[in-house]
Structure formats: structure tokens, C-alpha cells
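Structure record follows, encoded as C-alpha cells.
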Amino acid sequence: MPKPFSESERIIIRQRLMDAAGECLAQFGARKTTVDELVKRVNIPKGTFYLLYESKELLFFDIFRRFHDEIRKKMQSEIAGMKENINPLGMTELIFNLFKEIEESFMLRFLIEGDLEMMLRKLPPETAEKYSDKDYLGIELMISSVPGLNPYYSRVSGAALKGVFLSMLHKHEIGEEVFDDALKVMIYGVVILMFSGD
């Protein structure tokens, strides 16, 4: 039986597990990341893992939620920093940088391989319901925080930007050498609609 831990020890072990799981998700994906691999990396007994998490999916959910919240806070802070200087080029650059940050993290693989859907299916229903709105990237919320935009365009533009984001799954077919420029053009087209309101 695992020894009891103080609250500060639990926090430290959870953080180490989240860090190890983030590395494994980026390297192997959710399906190939095992509890055995995680406890080996963190150097804890398997029983300690289950003392902190009922399943690897709950750990993955904590990682996803942390990543999601960090991205959302960062974007809201950058939008707030622009204040009245918000313009289409600035918003395009902001969204482009968001997409690139997601691309370089475990999150793109998490979405591409269907790991997010798998994780949500395996979570307790009350936990999964919190993220059932499908705004996994927080795009609609980010857009709705831009002052002066028509609320209708928050939803439509959010959906259009998700479509643009999904083009990242076809980077090879589009052409890797021009993809970033093409991505900016697509984002800019949506952003212009957001600002024009037409």
C-alpha cells in the first residue's frame, strides 16, 4: 500500500506526472503512453499513481486543461495589451502565433490522432461535460473578448478559424515550404470578415 503523502508532496508528484505525461503525449500519443512508462519516468510506485489519478485519461485531462487555460490566458492578455490598437494585421499575427504554439506542442498530435475524443469518452460524465462545447482551442472565447466585434461574427469566425486550424493536418499536401504564408493568408481572410462585419 502506498505511503500517505502530504498535500505539498501530492502537488509535486502530480506536477512531475504531468510533465512526464506531456513529454510522452508529444512522443508517443495517448494510446501508446502507459501508466508503467509514466511511473518509470517519475520514479514512483504504480500504486502512488492510482492514489493520485484513477486513470491515465484523468491525468491527460489535467494536462489538456492546463495547456488550454495557459493558451487562453496568454491570448486574452495579448488582446488586452493591444487595447484600442487592435487591427486585422495584429489579430492575424496573434492567431497565427497561437496556431504555431499548438503545432509545436503535444496538442496537435492529440487532436490529429483522435486522442482528445478518446480521452473525453473515458472520463467520468460530469468531468467530460465541462468540455463538451467543442471549443477546445478557446478560439470563440478569444474572439468574443475583442472589443467592438459583432457577437454573431465571434461564433462564425471561430468556426472558420477552426477550419483554418484543421488545414494544419494537411500541411504536407498544401506544401510545407509555403504553408506558413498560406496559413497567414487564410487567417487574415477570416479576421477581415470579423472586423468588417459584412
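Chain identifiers are assigned as A, B, and so on, following the order in which chains appear in the C-alpha cells; residues are numbered from 1 within each chain, and ligands are numbered from 1 in order of appearance.
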
Helix (DSSP H, G or I) residues, from DSSP on the backbone, in segment 3-169 of chain A, as a ChimeraX atom specification: /A:7-28,35-42,46-52,56-85,88-103,107-112,115-122,125-131,139-144,151-169

Spatial neighbours of Val185 of chain A, max dist 12 Å, only C-alpha atoms, sep filter under 4 positions, as number ranges by chain: A: 88-89, 92-93, 95-96, 161, 164, 178-181, 189-192

Of the listed residues A:Ile71, A:Asn87, A:Val156, A:Leu52, that which approaches Phe195 of chain A most closely, counting only C-alpha atoms: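 The answer is A:Asn87, which sits nearest to Phe195 of chain A.
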
Residues within 8 Å of Ala21 of chain A, only C-alpha atoms, excluding chain neighbours under 5 positions, as a count of residues only: 5

Spatial neighbours of Lys74 of chain A, 12 Å, only C-alpha atoms, chain gap at least 6 places, as number ranges by chain: A: 67-68, 80-81, 94-95, 97-98, 101, 138, 142

With C-alpha atoms retained, could you export that selection as a compact mmCIF listing (two decimals), in the first residue's frame?
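In the end it all went to part15.txt:
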# COMPACT_ATOMS: atom_id res chain seq x y z
CA PHE A 67 -2.48 23.78 -21.66
CA HIS A 68 -5.92 25.10 -22.68
CA ALA A 80 -5.98 43.29 -23.61
CA GLY A 81 -2.47 44.63 -24.26
CA LEU A 94 -1.81 36.80 -32.73
CA ILE A 95 -3.89 33.90 -34.08
CA ASN A 97 1.27 32.54 -33.25
CA LEU A 98 -1.43 30.67 -31.30
CA GLU A 101 2.32 27.24 -30.47
CA GLY A 138 -10.71 28.56 -26.95
CA MET A 142 -10.76 34.63 -27.60

Tell me, counting only C-alpha atoms, for each residue of segment 46-94 of chain A within 9 Å of segment 122-125 of chain A, which pair of atoms is nearest and how far apart they are in Å to one decimal, in rows ordered by chain and increasing number, as a Markdown table.
| residue | atom | partner | partner_atom | distance |
| --- | --- | --- | --- | --- |
| A:Ser55 | CA | A:Leu123 | CA | 8.7 |
| A:Glu57 | CA | A:Leu123 | CA | 6.6 |
| A:Leu58 | CA | A:Leu123 | CA | 6.6 |
| A:Phe61 | CA | A:Leu123 | CA | 8.3 |

Residue contacts of Asn85 of chain A (12 Å, only C-alpha atoms) excluding same-chain residues fewer than 5 positions away, as a PyMOL selection string: chain A and resi 78-80+90-91+146-148
